[in-house]
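Have a look at the structure below, then the notes.
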Amino acid sequence: MLILVMGATVALQKAFVPKFGLDLAGGTTVTLSPVTANGKAPSQESLDRAVTIIRQRVNGTGISDAQVAKSNENIVIQIPGAGRDEALKLVSTTAELRMRQVLAVAAAKAPPVQVSTAAPTPGGSAAATPAASPGAASTAKASAAPSGNATPAGRALSKALTAPTPEPSTSKRATTSGGRAAKASPSASAAPSSSAAPEDTSDPLAGQDTSGIDQALLTEFRKIDCSAKDRGQGAIDDPNKQIVACSDDGSARYILDKAAVQGTEISGAQAGTDPTTGEWIVQVNFKSKGATQFADITRRITSLPAPRNQLANVLDGVVIVAPTIEEAIPGGSARISGSFTQVTATDLADQLKYGALPLKFQQSSVVSVSSTLGQDQLHGGLISGALGLIIVMLYLLLYYRGLGLIGMASLCVAAIVTFLTVDVLSHNAGFRLSLPHIIGLVVSIGITADSFIVYFERIRDEIKEGRRTLRSAVEVAWRRARRTILVADAVMFIAAVVLYFLAVGDVAGFAFAMGLTTLIDIVVVFLFTKPLMSLVARMRFFAKGHKLSGLDAERMGRTGRAEQTLQEA
């Protein structure tokens, strides 16, 4: 039944071959070790954030089956099929945070051109069709006027703002207010009135102020597609130049001014709740130089029309948040509020803290394996496994004769269950078959056969004593051998678990294979070998002690009384 269920799973998923690790499929493995300014070990939060950033870079390239994971204080990146130079370039740059003024913003892709069929409104005006600017906090209705209008809270908003988000904080403290770009759906266009010529809605910059922006950036902005996987993650941006960037969720594109504040000027960031409104906020504190720079930029852009009154935070080449500045913010402390949840507020605080102390990494090791070498290793592993299985089967057949056939059948079932398990794990749990796994599977052939041998020897011992028939000997021997098999497998499984958690890399893969096959051994012995042995005990070939059964008097050296008992069976 187990084989049928797993086989059906494999057939339905059409996953007939397990996925292979880099040592078998070919690729590059890079191990990065963090380097901190004070020489101390980095925090787990920083490592987790670095793993997330590097994973976003790798995923953005479209490389399938790449893996990025922590290994103690190191980060291990496995990129199948990628060349050495490509992999090193992808992961070697340091993710930095910069704060830049937003000069223009639009949706990730230009919407299709639509012709308005609305009837003229009295006075020749039409209502605007606003959409949210990424990172904007809250909004009221916007008019169709080109410039932003003040909300009831006195905040200048772009006509690109969308409908309703939570009301902004009314605290008199100097704050920045903004939400995540994930909820943005920017659009710089409004529905045209009957008395005005329709705007070119295919141009993402239609109706926006493009003064002071380099023409090359305008062209790049119109062409960039931020809905693609590669949104510029890991791009090295010059803090002294204007850039085009995407939001981290791919919903918007920006033109950003030169960096006004570097992330290293942030002294800390914490997520919390506003004691007045209960909404989640992020409190950001700056160092002395950063406080001055932040006060200058907020003072300069607070009175500008949207979106130029937004300050984008760019981490690793993408915009993580772009809050609207309500007023000049001196004092070195700012608050970002808006439609945050606990999760999104904490995530933003972690991103800002990482930008304050960006980790630098040095390459501890770089290992590249060609696909040809990987195939050679795979073939070698399969051949060694097949030879090991055949040798053990021949031994069982020569030594146990008829009983050896039961052992051979059990080994075949164990091999089938092992293959199906590896295949299912590979396609559903991210498991990748590697050379250490194959070695562990080959070694475990002997461990699996040992369970059968323990059981067979107990059966023969019971018969040698001459007190039992074969049927009763099979049952009594099982009760006694079962305990021995469980104890031996438990010891092996504990050793595999300890080795797996204490070791890394190849040794951990070997331990995983050992633990997996130990569990499979128990399943096969209990659900296949024992029931099969109970069935064959009813056959005359075994019950009468045929000389090829492995239970004959000559082979077991039985006494006359023992032989008579077996004949009576």
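Naming works like this for the structure tokens: A, B, ... for the chains as they're shown, residue 1 at the start of each chain, ligands 1 onward in shown order.
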message = Please return, as a VMD selection string, all residues of range 177-392 of chain A that DSSP assigns to strand (DSSP E) on the basis of the backbone.
response = chain A and resid 177 243 to 247 252 to 262 266 to 273 280 to 286 311 to 315 318 to 321 324 to 325 333 to 337 360 to 369
Dump as a tab-separated table the rows for residues of range 248-275 of chain A within 12 Å of range 299-320 of chain A: closest atom pair and distance in Å with one decimal, only C-alpha atoms counted, ordered by chain and rising residue number.
residue	atom	partner	partner_atom	distance
A:Asp248	CA	A:Val318	CA	5.3
A:Asp249	CA	A:Ile320	CA	8.3
A:Gly250	CA	A:Val318	CA	9.0
A:Ser251	CA	A:Val319	CA	10.5
A:Ala252	CA	A:Val319	CA	9.1
A:Arg253	CA	A:Val319	CA	8.7
A:Tyr254	CA	A:Val319	CA	8.3
A:Ile255	CA	A:Ala312	CA	9.9
A:Leu256	CA	A:Ala312	CA	7.6
A:Asp257	CA	A:Ala312	CA	9.4
A:Lys258	CA	A:Ala312	CA	10.9
A:Ala259	CA	A:Val314	CA	9.3
A:Ala260	CA	A:Leu311	CA	9.2
A:Val261	CA	A:Asn313	CA	9.4
A:Gln262	CA	A:Asn313	CA	9.6
A:Gly263	CA	A:Leu315	CA	8.7
A:Thr264	CA	A:Leu315	CA	11.8
A:Ile266	CA	A:Asn313	CA	11.8
Would you write out those residues with C-alpha atoms, as a PDB file, in the first residue's frame?
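So the final result, stored in again20.pdb, reads:
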ATOM      1  CA  ASP A 248      10.767  45.569  -3.707  1.00  0.00           C
ATOM      2  CA  ASP A 249       7.440  43.916  -4.569  1.00  0.00           C
ATOM      3  CA  GLY A 250       7.584  44.918  -8.232  1.00  0.00           C
ATOM      4  CA  SER A 251       4.489  47.113  -8.171  1.00  0.00           C
ATOM      5  CA  ALA A 252       6.101  50.462  -9.006  1.00  0.00           C
ATOM      6  CA  ARG A 253       9.055  52.167 -10.677  1.00  0.00           C
ATOM      7  CA  TYR A 254      10.827  55.312  -9.553  1.00  0.00           C
ATOM      8  CA  ILE A 255      13.239  57.985 -10.672  1.00  0.00           C
ATOM      9  CA  LEU A 256      15.297  58.912  -7.630  1.00  0.00           C
ATOM     10  CA  ASP A 257      17.636  61.792  -6.914  1.00  0.00           C
ATOM     11  CA  LYS A 258      21.162  61.533  -5.534  1.00  0.00           C
ATOM     12  CA  ALA A 259      21.488  59.918  -2.117  1.00  0.00           C
ATOM     13  CA  ALA A 260      20.675  62.394   0.638  1.00  0.00           C
ATOM     14  CA  VAL A 261      21.411  60.114   3.602  1.00  0.00           C
ATOM     15  CA  GLN A 262      23.468  56.918   3.746  1.00  0.00           C
ATOM     16  CA  GLY A 263      22.172  53.933   5.676  1.00  0.00           C
ATOM     17  CA  THR A 264      25.293  53.896   7.823  1.00  0.00           C
ATOM     18  CA  ILE A 266      21.133  55.349  10.985  1.00  0.00           C
TER      19      ILE A 266
END
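Coordinates place CA of Val17 in chain A at a distance of 28.1 Å from CA of Thr31 in chain A.
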key: Straight-line distance linking CA of Ile224 in chain A with CA of Arg55 in chain A, stated in Å to one decimal   = 21.9 Å
key: Residues of range 316-541 of chain A in helix (DSSP H, G or I), written as a PyMOL selection string   = chain A and resi 342-356+371-400+402-428+435-464+470-502+506-536+540-541
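Proximity of A:Phe542, A:Gln342, A:Arg482, A:Gly550 to Glu279 in chain A, computed with only C-alpha atoms, is greatest for A:Gln342.
If you count only C-alpha atoms and ignore residues fewer than 6 places along the chain from range 284-293 of chain A, what sits within 10 Å of it is Thr175, Thr176, Ala260, Val261, Gln262, Gly263, Thr264, Glu265, Ile266, Ser267, Gly268, Ala269, Gln270, Ala271, Arg299, Ile329, Pro330, Gly331, Gly332, Ser333, Ala334, Arg335, Ile336, Ala349, Leu352, Lys353 and Ala356 of chain A.
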Residue neighbourhood Phe16 in chain A, 9 Å, only C-alpha atoms, exclusion window fewer than 4 positions, as a ChimeraX atom specification = /A:10-11,420,423
Suppose we keep N, CA and C atoms; can you now write the selection as a CSV table (one decimal), in the first residue's frame?
chain,number,residue,atom,x,y,z
A,10,VAL,N,4.3,10.0,-7.4
A,10,VAL,CA,5.3,10.2,-8.4
A,10,VAL,C,4.7,10.3,-9.8
A,11,ALA,N,3.8,9.4,-10.1
A,11,ALA,CA,3.1,9.4,-11.4
A,11,ALA,C,2.3,10.6,-11.7
A,420,LEU,N,11.5,5.9,-4.1
A,420,LEU,CA,10.3,6.7,-4.1
A,420,LEU,C,10.3,7.8,-3.0
A,423,ASP,N,12.6,10.5,-4.2
A,423,ASP,CA,11.9,11.2,-5.3
A,423,ASP,C,10.8,12.2,-4.8
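Residues in contact with range 393-403 of chain A at up to 8 Å, not including ones fewer than 4 positions away on its chain and judged by only C-alpha atoms, are Leu389, Gly407, Met408, Leu411, Phe456, Phe542, Leu548, Ser549 and Gly550 of chain A.
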Please report, as JSON lines, each residue of range 319-434 of chain A lying at most 10 Å from range 440-443 of chain A, together with the nearest pair of atoms and the separation in Å rounded to one decimal; use only C-alpha atoms, and order rows by chain and ascending residue number.
{"residue": "A:Gly381", "atom": "CA", "partner": "A:Val442", "partner_atom": "CA", "distance": 8.4}
{"residue": "A:Leu382", "atom": "CA", "partner": "A:Val442", "partner_atom": "CA", "distance": 9.0}
{"residue": "A:Ser384", "atom": "CA", "partner": "A:Val442", "partner_atom": "CA", "distance": 7.4}
{"residue": "A:Gly385", "atom": "CA", "partner": "A:Val442", "partner_atom": "CA", "distance": 5.1}
{"residue": "A:Ala386", "atom": "CA", "partner": "A:Val442", "partner_atom": "CA", "distance": 8.4}
{"residue": "A:Leu387", "atom": "CA", "partner": "A:Val442", "partner_atom": "CA", "distance": 9.3}
{"residue": "A:Gly388", "atom": "CA", "partner": "A:Val442", "partner_atom": "CA", "distance": 6.8}
{"residue": "A:Leu389", "atom": "CA", "partner": "A:Val442", "partner_atom": "CA", "distance": 7.9}
{"residue": "A:Ala415", "atom": "CA", "partner": "A:Leu441", "partner_atom": "CA", "distance": 9.3}
{"residue": "A:Thr418", "atom": "CA", "partner": "A:Leu441", "partner_atom": "CA", "distance": 8.5}
{"residue": "A:Phe419", "atom": "CA", "partner": "A:Leu441", "partner_atom": "CA", "distance": 10.0}
